[in-house]
$ cat model_28.txt   # compact mmCIF, C-alpha atoms
# COMPACT_ATOMS: atom_id res chain seq x y z
CA GLY G 175 -90.34 66.67 51.83
CA CYS G 176 -87.49 64.85 53.53
CA PHE G 177 -84.09 64.07 52.07
CA PRO G 178 -81.31 61.69 53.08
CA LYS G 179 -78.22 62.97 54.82
CA LEU G 180 -75.81 64.38 52.29
CA CYS G 181 -73.09 61.97 53.40
CA ARG G 182 -75.35 59.02 52.52
CA LEU G 183 -76.19 60.26 49.04
CA HIS G 184 -73.56 59.00 46.60
CA VAL G 185 -71.76 61.42 44.29
CA GLY G 186 -72.61 59.15 41.34
CA ASP G 187 -71.30 55.95 39.76
CA LYS G 188 -69.82 57.86 36.82
CA ALA G 189 -68.18 60.65 38.84
CA PRO G 190 -66.43 62.94 38.23
CA GLU G 191 -67.73 63.15 34.64
CA VAL G 192 -71.39 62.66 35.67
CA VAL G 193 -72.42 63.61 39.20
CA ASN G 194 -75.50 63.72 41.37
CA CYS G 195 -76.61 67.18 42.38
CA ILE G 196 -79.23 68.26 44.93
CA ILE G 197 -81.15 71.19 43.43
CA THR G 198 -81.41 73.96 46.04
CA ALA G 199 -82.53 76.82 43.77
CA PRO G 200 -84.46 76.05 40.56
CA LYS G 201 -83.81 78.06 37.40
CA ASN G 202 -85.63 81.42 37.17
CA THR G 203 -86.20 81.66 40.93
CA ALA G 204 -84.75 84.02 43.54
CA VAL G 205 -84.62 81.83 46.67
CA GLN G 206 -81.85 79.37 47.49
CA TYR G 207 -82.27 76.69 50.16
CA ASP G 208 -79.95 74.52 52.24
CA VAL G 209 -80.49 70.87 53.18
CA LEU G 210 -80.26 70.45 56.96
CA PRO G 211 -78.22 67.23 57.40
CA LYS G 212 -79.60 66.35 60.84
CA VAL G 213 -83.27 66.42 59.94
CA GLY G 214 -83.19 66.14 56.14
CA MET G 215 -85.36 69.22 55.63
CA LEU G 216 -84.97 72.32 53.48
CA LYS G 217 -84.19 75.70 55.05
CA VAL G 218 -84.21 79.06 53.29
CA ASN G 219 -80.58 80.14 52.98
CA LYS G 220 -80.62 83.15 50.65
CA VAL G 221 -83.19 85.42 49.06
CA LEU G 222 -81.60 87.41 46.24
CA HIS G 223 -81.59 91.13 47.02
CA SER G 224 -81.41 92.20 43.38
CA ALA G 225 -84.07 92.03 40.66
CA ILE G 226 -82.41 89.00 39.04
CA LEU G 227 -83.06 85.26 38.91
CA TYR G 228 -80.83 82.20 38.88
CA PRO G 229 -79.80 81.61 35.22
CA GLY G 230 -79.75 77.85 35.78
CA ASP G 231 -80.59 75.29 38.45
CA TYR G 232 -78.28 75.82 41.42
CA GLY G 233 -77.31 72.97 43.72
CA SER G 234 -74.64 71.05 45.60
CA ILE G 235 -72.72 67.86 44.85
CA PRO G 236 -72.88 65.24 47.66
CA GLN G 237 -69.76 63.57 49.05
CA THR G 238 -67.64 66.58 48.14
CA TYR G 239 -66.23 69.44 50.20
CA GLY G 240 -65.01 72.76 48.88
CA GLU G 241 -62.36 74.88 50.53
CA ASP G 242 -64.97 76.23 52.96
CA GLY G 243 -65.97 72.75 54.18
CA SER G 244 -69.39 72.72 52.49
CA PRO G 245 -70.49 70.67 49.44
CA ILE G 246 -69.20 71.96 46.10
CA ASP G 247 -71.68 74.21 44.30
CA CYS G 248 -72.95 73.54 40.79
CA ILE G 249 -74.90 75.56 38.25
CA CYS G 250 -76.94 73.46 35.84
CA LEU G 251 -77.65 74.94 32.40
CA SER G 252 -80.99 73.17 31.98
CA VAL G 253 -83.62 73.92 29.37
CA PHE G 254 -86.47 73.56 31.87
CA PRO G 255 -86.31 74.31 35.64
CA LEU G 256 -85.66 71.23 37.76
CA PRO G 257 -87.79 70.70 40.90
CA LEU G 258 -86.51 72.01 44.19
CA GLY G 259 -84.92 69.25 46.28
CA CYS G 260 -84.63 66.73 43.46
CA VAL G 261 -81.43 64.79 42.74
CA ALA G 262 -80.32 65.33 39.15
CA GLN G 263 -77.64 63.47 37.20
CA LEU G 264 -75.51 66.14 35.58
CA ARG G 265 -72.74 66.00 33.00
CA VAL G 266 -69.84 68.24 33.95
CA VAL G 267 -68.75 70.61 31.18
CA ALA G 268 -66.76 73.52 32.68
CA LEU G 269 -65.60 75.44 35.75
CA LEU G 270 -66.55 79.03 36.54
CA ASP G 271 -63.89 80.58 38.76
CA LEU G 272 -65.30 82.90 41.39
CA GLU G 273 -64.09 84.77 44.46
CA ASP G 274 -66.17 86.22 47.26
CA GLN G 275 -65.58 87.81 50.66
CA ASN G 276 -64.67 84.38 52.07
CA GLY G 277 -62.14 83.39 49.38
CA PRO G 278 -62.24 81.11 46.30
CA ASN G 279 -65.69 79.73 45.51
CA SER G 280 -65.58 78.25 42.01
CA LYS G 281 -68.74 76.71 40.56
CA ILE G 282 -69.05 73.49 38.59
CA VAL G 283 -70.99 74.11 35.36
CA ALA G 284 -73.02 71.14 34.13
CA VAL G 285 -76.07 70.05 32.12
CA PRO G 286 -78.66 67.27 32.61
CA ASN G 287 -76.93 64.16 31.34
CA GLU G 288 -79.90 62.71 29.45
CA GLU G 289 -81.21 65.98 27.99
CA PRO G 290 -81.18 65.52 24.18
CA ARG G 291 -81.36 69.27 23.57
CA LEU G 292 -77.98 69.72 25.28
CA LEU G 293 -76.01 66.79 23.90
CA GLU G 294 -73.61 69.24 22.24
CA TYR G 295 -72.56 70.64 25.64
CA GLN G 296 -69.42 68.61 26.30
CA ASP G 297 -66.78 71.17 27.29
CA LEU G 298 -66.32 74.90 27.78
CA ASP G 299 -65.98 75.66 24.07
CA SER G 300 -69.40 74.10 23.40
CA ILE G 301 -71.22 76.50 25.76
CA PRO G 302 -72.53 79.46 23.71
CA ILE G 303 -70.68 82.70 24.44
CA HIS G 304 -73.87 84.50 25.41
CA VAL G 305 -74.75 81.76 27.95
CA GLN G 306 -71.28 82.17 29.45
CA LYS G 307 -71.84 85.93 29.69
CA GLU G 308 -75.23 85.43 31.37
CA CYS G 309 -73.73 83.17 34.05
CA ALA G 310 -70.81 85.51 34.67
CA GLU G 311 -73.10 88.55 34.83
CA PHE G 312 -75.31 86.82 37.39
CA PHE G 313 -72.48 85.94 39.76
CA ASN G 314 -70.85 89.36 39.29
CA THR G 315 -74.00 91.22 40.34
CA TYR G 316 -76.21 88.99 42.51
CA ARG G 317 -74.71 90.28 45.77
CA ASN G 318 -74.48 93.96 44.85
CA LEU G 319 -77.35 95.02 47.12
CA GLU G 320 -76.36 92.87 50.10
CA GLY G 321 -74.02 95.46 51.61
CA SER G 322 -70.33 96.28 51.43
CA ASP G 323 -69.33 93.17 53.39
CA SER G 324 -70.82 90.81 50.78
CA TRP G 325 -69.41 90.65 47.26
CA ALA G 326 -68.56 88.22 44.46
CA ARG G 327 -66.40 88.47 41.37
CA VAL G 328 -65.94 86.08 38.45
CA THR G 329 -62.25 85.65 37.66
CA GLY G 330 -62.58 83.48 34.55
CA TRP G 331 -63.64 80.23 32.95
CA ARG G 332 -61.76 76.94 32.75
CA PRO G 333 -62.44 73.81 30.67
CA LYS G 334 -63.96 70.52 31.77
CA LYS G 335 -60.60 69.11 32.92
CA ALA G 336 -60.33 71.74 35.67
CA ALA G 337 -63.90 71.01 36.82
CA LEU G 338 -63.18 67.28 37.06
CA GLU G 339 -60.04 68.00 39.08
CA ARG G 340 -62.05 70.16 41.49
CA ILE G 341 -64.58 67.36 42.03
CA ILE G 342 -61.80 64.79 42.62
CA ALA G 343 -60.14 67.10 45.14
CA GLY G 344 -63.52 67.72 46.78
CA ARG G 345 -64.10 63.99 47.17
CA GLU G 346 -60.67 63.50 48.71
CA ARG G 347 -61.41 66.34 51.12
CA PHE G 348 -64.77 64.81 52.01
CA PHE G 349 -63.38 61.36 52.80
CA ALA G 350 -60.54 62.92 54.78
CA PHE G 351 -62.82 65.04 56.96
CA GLY G 352 -66.45 64.11 56.24
CA THR G 353 -66.59 61.04 58.48
CA ARG G 354 -65.13 63.00 61.38
CA ILE G 355 -67.68 65.77 60.90
CA GLU G 356 -70.51 63.21 60.76
CA ASP G 357 -69.23 61.57 63.97
CA LEU G 358 -69.15 64.96 65.67
CA GLU G 359 -72.71 65.69 64.53
CA ASP G 360 -73.93 62.33 65.87
CA ARG G 361 -72.19 62.98 69.19
CA GLU G 362 -73.69 66.45 69.33
CA GLN G 363 -77.17 64.98 68.81
CA LEU G 364 -76.54 62.46 71.60
CA VAL G 365 -75.38 65.19 73.99
CA GLU G 366 -78.41 67.33 73.13
CA ALA G 367 -80.73 64.38 73.80
CA ARG G 368 -79.09 63.70 77.16
CA LEU G 369 -79.30 67.38 78.11
CA ALA G 370 -83.00 67.43 77.23
CA SER G 371 -83.53 64.32 79.37
CA LEU G 372 -81.69 65.88 82.31
CA GLU G 373 -83.72 69.09 81.99
CA GLN G 374 -86.93 67.07 82.06
CA LYS G 375 -85.79 65.18 85.16
CA GLU G 376 -84.84 68.46 86.83
CA LYS G 377 -88.32 69.84 86.20
CA LEU G 378 -89.91 66.73 87.74
CA LEU G 379 -87.69 67.06 90.80
CA ASP G 380 -88.59 70.73 91.16
CA GLN G 381 -92.28 69.84 90.99
CA ARG G 382 -91.91 67.18 93.71
CA LEU G 383 -89.95 69.58 95.93
CA ALA G 384 -92.63 72.23 95.46
CA LYS G 385 -95.29 69.74 96.66
CA LEU G 386 -93.23 68.86 99.73
CA GLU G 387 -92.90 72.51 100.65

$ encode --input "model_28.txt" --output "structure tokens"
Amino acid sequence: GCFPKLCRLHVGDKAPEVVNCIITAPKNTAVQYDVLPKVGMLKVNKVLHSAILYPGDYGSIPQTYGEDGSPIDCICLSVFPLPLGCVAQLRVVALLDLEDQNGPNSKIVAVPNEEPRLLEYQDLDSIPIHVQKECAEFFNTYRNLEGSDSWARVTGWRPKKAALERIIAGRERFFAFGTRIEDLEDREQLVEARLASLEQKEKLLDQRLAKLE
């Protein structure tokens, strides 16, 4: 299916406490996708190399940028897997601090906002200890077979307040740089279209010259 550009999908009216999230890897799967902003299609981004599955629905929060310039990642502790590519309204409950070969890469931890089975999940101390261990174990090991240049390490957990602060900072980063990036992408598309037109005209000219010869 097709999806709107990430910059046009709102973070959510109740952000940062409740945010929209595009699901890019459903729970209990091993393939993670990216949304291509220009065409609004899904592209396979990562196939897990280890014999493990995502412990929750993995996705990205629109209208936010992390330190690496991409949308902030989120892991959703859902009861049932959410469909790939859907937009879910999630209630933020904690922050999982993580480092990888590229630097800090903390994950927002959230739950479906209207899920009655998870109403008790309101902050870090309401997430069962074993669920916390499962999430940490996943992110500590999911890159182990990808080679020595790829690694990840969980450095700790922080409460809901830290997660909200990360989303607020991500929104500020998006509005500081997101419009510029979108303008650059639009200009790039325009240049590519003009180049394609020039190449087509060049081919027609070459054909006419060949006939004259």

$ closest_residue --input "model_28.txt" --among "G:Leu369, G:Ile282, G:Thr203, G:Trp331" --to "Ile303 (chain G)" --atoms "all atoms listed in the file"
G:Trp331

$ residues_around --input "model_28.txt" --residues "Leu222 (chain G)" --least-positions-apart "5" --cutoff "9 Å" --atoms "all atoms listed in the file" --output "ChimeraX atom specification"
/G:204-206,227,316-317,319-320

$ write_last_selection --input "model_28.txt" --atoms "C-alpha atoms" --output "PDB file, keeping the file's coordinate frame"
ATOM      1  CA  ALA G 204     -84.750  84.020  43.540  1.00  0.00           C
ATOM      2  CA  VAL G 205     -84.620  81.830  46.670  1.00  0.00           C
ATOM      3  CA  GLN G 206     -81.850  79.370  47.490  1.00  0.00           C
ATOM      4  CA  LEU G 227     -83.060  85.260  38.910  1.00  0.00           C
ATOM      5  CA  TYR G 316     -76.210  88.990  42.510  1.00  0.00           C
ATOM      6  CA  ARG G 317     -74.710  90.280  45.770  1.00  0.00           C
ATOM      7  CA  LEU G 319     -77.350  95.020  47.120  1.00  0.00           C
ATOM      8  CA  GLU G 320     -76.360  92.870  50.100  1.00  0.00           C
TER       9      GLU G 320
END

$ closest_residue --input "model_28.txt" --among "G:Phe351, G:Tyr207, G:Arg368, G:Pro190" --to "Ala284 (chain G)" --atoms "all atoms listed in the file"
G:Pro190

$ closest_residue --input "model_28.txt" --among "G:Ile341, G:Val266, G:Leu364, G:Ile301" --to "Gly240 (chain G)" --atoms "all atoms listed in the file"
G:Ile341

$ residues_around --input "model_28.txt" --residues "Leu292 (chain G)" --least-positions-apart "5" --cutoff "10 Å" --atoms "all atoms listed in the file" --output "number ranges by chain"
G: 251-253, 285-287, 300-301

$ closest_residue --input "model_28.txt" --among "G:Ala225, G:Leu338, G:Ile235, G:Leu258" --to "Asp297 (chain G)" --atoms "only C-alpha atoms"
G:Leu338

$ residues_around --input "model_28.txt" --residues "Val192 (chain G)" --least-positions-apart "5" --cutoff "7 Å" --atoms "all atoms listed in the file" --output "list in words"
Gly186, Gln263, Leu264, Arg265 and Val266 of chain G

$ closest_residue --input "model_28.txt" --among "G:Cys309, G:Val221, G:Cys250, G:Cys260" --to "Val283 (chain G)" --atoms "all atoms listed in the file"
G:Cys250

$ atom_distance --input "model_28.txt" --atom1 "CA of Asn202 (chain G)" --atom2 "CA of Ala310 (chain G)"
15.6 Å

$ closest_residue --input "model_28.txt" --among "G:Arg291, G:Lys281, G:Lys377, G:His223" --to "Thr315 (chain G)" --atoms "all atoms listed in the file"
G:His223

$ residues_around --input "model_28.txt" --residues "region 272-275 of chain G" --least-positions-apart "4" --cutoff "7 Å" --atoms "only C-alpha atoms" --output "ChimeraX atom specification"
/G:279-280,324-329

$ decode --input "model_28.txt" --residues "region 243-332 of chain G" --atoms "C-alpha atoms" --output "PDB file, in the first residue's frame"
ATOM      1  CA  GLY G 243      18.460  12.800  11.479  1.00  0.00           C
ATOM      2  CA  SER G 244      15.897  10.011  11.108  1.00  0.00           C
ATOM      3  CA  PRO G 245      12.510   9.667  12.878  1.00  0.00           C
ATOM      4  CA  ILE G 246      12.718   8.565  16.513  1.00  0.00           C
ATOM      5  CA  ASP G 247      12.271   4.817  16.976  1.00  0.00           C
ATOM      6  CA  CYS G 248       9.603   3.289  19.195  1.00  0.00           C
ATOM      7  CA  ILE G 249       8.956  -0.203  20.529  1.00  0.00           C
ATOM      8  CA  CYS G 250       5.303  -0.919  21.271  1.00  0.00           C
ATOM      9  CA  LEU G 251       4.532  -3.512  23.958  1.00  0.00           C
ATOM     10  CA  SER G 252       1.281  -4.656  22.362  1.00  0.00           C
ATOM     11  CA  VAL G 253      -0.688  -7.763  23.269  1.00  0.00           C
ATOM     12  CA  PHE G 254      -1.408  -8.592  19.621  1.00  0.00           C
ATOM     13  CA  PRO G 255       0.829  -7.760  16.603  1.00  0.00           C
ATOM     14  CA  LEU G 256      -0.165  -4.555  14.820  1.00  0.00           C
ATOM     15  CA  PRO G 257      -0.356  -4.589  11.000  1.00  0.00           C
ATOM     16  CA  LEU G 258       2.689  -3.555   9.033  1.00  0.00           C
ATOM     17  CA  GLY G 259       2.421   0.046   7.808  1.00  0.00           C
ATOM     18  CA  CYS G 260      -0.469   1.020  10.066  1.00  0.00           C
ATOM     19  CA  VAL G 261      -0.487   4.211  12.148  1.00  0.00           C
ATOM     20  CA  ALA G 262      -1.024   3.410  15.824  1.00  0.00           C
ATOM     21  CA  GLN G 263      -1.784   5.811  18.672  1.00  0.00           C
ATOM     22  CA  LEU G 264       0.611   4.883  21.446  1.00  0.00           C
ATOM     23  CA  ARG G 265       0.886   5.968  25.067  1.00  0.00           C
ATOM     24  CA  VAL G 266       4.484   6.687  26.030  1.00  0.00           C
ATOM     25  CA  VAL G 267       5.616   4.910  29.199  1.00  0.00           C
ATOM     26  CA  ALA G 268       9.439   4.748  29.286  1.00  0.00           C
ATOM     27  CA  LEU G 269      12.768   5.223  27.520  1.00  0.00           C
ATOM     28  CA  LEU G 270      15.219   2.425  26.741  1.00  0.00           C
ATOM     29  CA  ASP G 271      18.720   3.869  26.435  1.00  0.00           C
ATOM     30  CA  LEU G 272      20.778   2.231  23.720  1.00  0.00           C
ATOM     31  CA  GLU G 273      24.101   2.763  21.976  1.00  0.00           C
ATOM     32  CA  ASP G 274      25.242   1.319  18.670  1.00  0.00           C
ATOM     33  CA  GLN G 275      28.162   1.749  16.283  1.00  0.00           C
ATOM     34  CA  ASN G 276      26.753   5.128  15.202  1.00  0.00           C
ATOM     35  CA  GLY G 277      26.230   6.591  18.691  1.00  0.00           C
ATOM     36  CA  PRO G 278      23.201   7.065  20.994  1.00  0.00           C
ATOM     37  CA  ASN G 279      20.013   5.450  19.700  1.00  0.00           C
ATOM     38  CA  SER G 280      17.496   5.386  22.552  1.00  0.00           C
ATOM     39  CA  LYS G 281      14.064   3.851  21.947  1.00  0.00           C
ATOM     40  CA  ILE G 282      10.710   5.179  23.098  1.00  0.00           C
ATOM     41  CA  VAL G 283       8.747   2.427  24.865  1.00  0.00           C
ATOM     42  CA  ALA G 284       4.970   2.685  24.524  1.00  0.00           C
ATOM     43  CA  VAL G 285       1.694   0.748  24.501  1.00  0.00           C
ATOM     44  CA  PRO G 286      -1.510   1.067  22.419  1.00  0.00           C
ATOM     45  CA  ASN G 287      -3.401   3.903  24.066  1.00  0.00           C
ATOM     46  CA  GLU G 288      -6.851   2.295  23.941  1.00  0.00           C
ATOM     47  CA  GLU G 289      -5.789  -1.254  24.836  1.00  0.00           C
ATOM     48  CA  PRO G 290      -7.731  -2.167  28.020  1.00  0.00           C
ATOM     49  CA  ARG G 291      -5.348  -5.016  28.848  1.00  0.00           C
ATOM     50  CA  LEU G 292      -2.484  -2.522  29.225  1.00  0.00           C
ATOM     51  CA  LEU G 293      -4.157   0.310  31.114  1.00  0.00           C
ATOM     52  CA  GLU G 294      -1.795  -0.293  34.037  1.00  0.00           C
ATOM     53  CA  TYR G 295       1.233   0.557  31.872  1.00  0.00           C
ATOM     54  CA  GLN G 296       1.714   4.223  32.744  1.00  0.00           C
ATOM     55  CA  ASP G 297       5.416   4.565  33.581  1.00  0.00           C
ATOM     56  CA  LEU G 298       8.595   2.517  33.808  1.00  0.00           C
ATOM     57  CA  ASP G 299       7.747   1.020  37.195  1.00  0.00           C
ATOM     58  CA  SER G 300       4.496  -0.412  35.794  1.00  0.00           C
ATOM     59  CA  ILE G 301       6.281  -2.473  33.110  1.00  0.00           C
ATOM     60  CA  PRO G 302       6.864  -6.001  34.464  1.00  0.00           C
ATOM     61  CA  ILE G 303      10.534  -6.724  35.180  1.00  0.00           C
ATOM     62  CA  HIS G 304      10.558  -9.739  32.874  1.00  0.00           C
ATOM     63  CA  VAL G 305       9.167  -7.644  29.972  1.00  0.00           C
ATOM     64  CA  GLN G 306      11.961  -5.134  30.577  1.00  0.00           C
ATOM     65  CA  LYS G 307      14.508  -7.961  30.487  1.00  0.00           C
ATOM     66  CA  GLU G 308      13.051  -9.322  27.230  1.00  0.00           C
ATOM     67  CA  CYS G 309      13.348  -5.929  25.517  1.00  0.00           C
ATOM     68  CA  ALA G 310      16.871  -5.373  26.782  1.00  0.00           C
ATOM     69  CA  GLU G 311      17.935  -8.887  25.774  1.00  0.00           C
ATOM     70  CA  PHE G 312      16.588  -8.356  22.258  1.00  0.00           C
ATOM     71  CA  PHE G 313      18.469  -5.108  21.654  1.00  0.00           C
ATOM     72  CA  ASN G 314      21.635  -6.493  23.280  1.00  0.00           C
ATOM     73  CA  THR G 315      21.759  -9.488  20.934  1.00  0.00           C
ATOM     74  CA  TYR G 316      19.871  -8.743  17.696  1.00  0.00           C
ATOM     75  CA  ARG G 317      23.003  -7.561  15.877  1.00  0.00           C
ATOM     76  CA  ASN G 318      25.423 -10.191  17.177  1.00  0.00           C
ATOM     77  CA  LEU G 319      25.628 -12.068  13.864  1.00  0.00           C
ATOM     78  CA  GLU G 320      25.857  -8.984  11.633  1.00  0.00           C
ATOM     79  CA  GLY G 321      29.645  -8.692  11.877  1.00  0.00           C
ATOM     80  CA  SER G 322      32.135  -6.860  14.058  1.00  0.00           C
ATOM     81  CA  ASP G 323      31.238  -3.457  12.586  1.00  0.00           C
ATOM     82  CA  SER G 324      27.607  -3.710  13.754  1.00  0.00           C
ATOM     83  CA  TRP G 325      26.738  -3.809  17.446  1.00  0.00           C
ATOM     84  CA  ALA G 326      24.227  -2.525  19.995  1.00  0.00           C
ATOM     85  CA  ARG G 327      24.254  -2.266  23.762  1.00  0.00           C
ATOM     86  CA  VAL G 328      21.505  -1.307  26.208  1.00  0.00           C
ATOM     87  CA  THR G 329      22.823   1.175  28.772  1.00  0.00           C
ATOM     88  CA  GLY G 330      19.738   1.409  30.986  1.00  0.00           C
ATOM     89  CA  TRP G 331      16.118   2.382  31.429  1.00  0.00           C
ATOM     90  CA  ARG G 332      14.637   5.773  32.233  1.00  0.00           C
TER      91      ARG G 332
END
